[in-house]
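Reading through the structure tokens given below for one structure.
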Amino acid sequence: MAIRERMSGNEAMAVAMKQINPDVVAAFPITPSTEVPQYFSTFVADGVVDTEFVAVESEHSALSACVGAQAAGGRAMTATSANGLALMWEILYIAACSRLPIVMACVNRTLSGPLNIHNDHSDSMGARDSGWIQLYSENNQEAYDNMLMANRIGEHPDVMLPVMVCQDGFITSHAIENLELLEDDKVKAFVGEYNPKEYLLNKENPISVGPLDLQAHCFEHKRQQAQAMMNAKKVILEVSAEFAKLTGRSYGLFEEYMTEDADVCMVVLNSTAGTAKYVVDQYRAAGKKVGLIKPRVFRPFPVDELTAALSKFKAIAVMDKADSFNAAGGPLFTEITSAMFGKGVVAPKVINYIYGLGGRDVRSGDLEIVFNKLLEIASTGKVDSVYNYLGVRE
Amino acid sequence: MGKVVEIRWHGRGGQGAKTASLLLADAAFNTGKYIQGFPEYGPERMGAPITAYNRISDERLTIHSNIYEPDYVVVVDDTLITSVDVTAGLKEDGAIIINTTKSPEEVRPALKGYKGKVCTIDARTISVDTLGKYFPNTPMLGAVVKVSGVIDEKVFLNDMVESFKHKFAKKPEVVEGNVKALERSMQEVKGL
């Protein structure tokens, strides 16, 4: 029987970490992710986990400690947000190329400046080319579930990549909501032990991690890393299917909500997808054929599946809670449109909205503006503006 | 879609409005509801105005925005009435519940023409009488449950006894005072 509980998204992630009981957690506090290591350190102090908790002096050191621990053969986890993630930047790439399946709770917060503690996706979107798998979570339940699946995905021999589990700072990280937890023993059986083939502390098979890698082999190693990311898609689906058997909660590469007969579709990540579902329900009740796609897996980017799903709509709005400052469109928009072009899916009209930057509250009325615009485009076939801003004073 | 009850809390940093909203979420959760309890974080300073929110529903909640048209507003500090637009968006068939020594009739003129129900509760006196100190949380929680009817009163009281016993396991002497504070606030809230 699942355990009916209520807790914040941060506590949910910390409880997942408790149930996973990793060998090492190294973290440095930064709002709004601070509670994750804070809760976890109480589990350490209370002896309910036997994790080595490393209280480091910076996020750069936090991820470096995780790299060391994971390279040594352990299972390492961390948590951060915004500028903490930025300070990890150098090590993000090293963790990925060293093929160390570290798991990170990334509680999304806008990257300074201006100085702001609230939510948008400029932190994790900036890290999209660092080689980490990225899973996005609509609410506390998904944050918990994604954390439980992250180790299995990252540690798969065909993958061996670090995994970042993202949820929206404050909006879900600090909101108490209902969720279902798994029993400790079921988590333990599902996650299993981490037994890497090669690791530093194996004296029978000594290796080096992170040596100089010049023209002779660097490119081959990068190619293997790219292949691992390609392999991850299949593994994510397999692990998710197994998780669904255990919990009844199904996860794919993205969620489709009321899309079957929809004329228009919004594509949106994390908590705003929940608000969008509320709006979709209201539009559906009024007979308007609107739908929603919520990407869960942004890295690897599910090009084939997403373009196939999007091909049937007349008009699509891609929502970005991060700006690329490229004068052309946000990161989710540019990835989706380039994927559609590459696959020859050119029939739908696609527009982009930058929204919710710096924690600007996203109201149902804001999303109604987007659906109304999409319905207008679907009926007229005309797009007056591709690159738009939502909910900002101009 | 089932009926969702939306509540907005106004307080000052340090008074426990956030904690009260989380206590209400807990109490509703314990009766089987779907709940949300979340504060609006700003600069966190003692005494600065803060806002917290609750949604309570029989069905799963997916919306993740602040609340702009609440069914109920709870004001933990009546000095906020002149500095914060506490009735903004408040539904006329809802109610505002204010911690004050004044009567609903005395407070209403300050509420910018709000036509709905105005309820008042003297949480300070109740808190000092029952707990010996000023903790407005518990009496405000009792008042909001009484006025909103969002949780069955008997179920709520029984549940809170257990909840206080658990919460104050190391300070059992305060359990009785907290229960009394709830009971008194449910009896003494004016303007029903």
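Residue numbering restarts at 1 in every chain; chains get A, B, ... in the order shown in the structure tokens, and ligands count up from 1 in that same order.
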task: Output as a PyMOL selection string the set of chain A residues within 8 Å of chain B, with distances taken over only C-alpha atoms.
output: chain A and resi 6+170-172+174-178+271-272+274-278+361-364
field: Exercise: stretch 85-90 of chain A partners within 8 Å, only C-alpha atoms, chain neighbours under 5 positions left out, as number ranges by chain
entry: A: 58-63, 80, 106, 111, 123-124, 127
- prompt: Which residues, written as JSON, numbers by chain, have at least one atom at most 7 Å from stretch 78-83 of chain B, with only C-alpha atoms counted and residues fewer than 5 positions away on the same chain left out?
  reply: {"B": [98, 99, 100]}
query: With distances taken over only C-alpha atoms, which of A:Ser338, A:Gln70, A:Gln134, A:Asn10 is nearest to A:Phe298?
result: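 Closest to A:Phe298, using only C-alpha atoms: A:Gln134.
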Spatial neighbours of stretch 131-134 of chain B, max dist 8 Å, only C-alpha atoms, sep filter under 6 positions, as number ranges by chain: B: 124, 174, 177-178, 181
task: Measure the distance from atom CA of A:Gly169 to atom CA of A:His118 in Å and round it to one decimal.
output: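 Interatomic distance here is 6.4 Å.
Among A:Val209, A:Val191, A:Glu180, A:Val159, the residue with the shortest atom-to-atom distance to A:Arg4, counting only C-alpha atoms, is A:Glu180.
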message: From a backbone DSSP assignment, name each residue in stretch 87-242 of chain A labelled strand (DSSP E), as an MDAnalysis selection string.
response: chainID A and resid 103:108 133:136 163:168 176:181
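Nearest to A:Gly356 of all the residues A:Ser173, A:Asn270, A:Thr334, A:Asn231 is A:Asn270, counting only C-alpha atoms.
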field: 8 Å contact set for B:Val4, only C-alpha atoms, chain neighbours under 4 positions out, as a PyMOL selection string
entry: chain B and resi 55-58
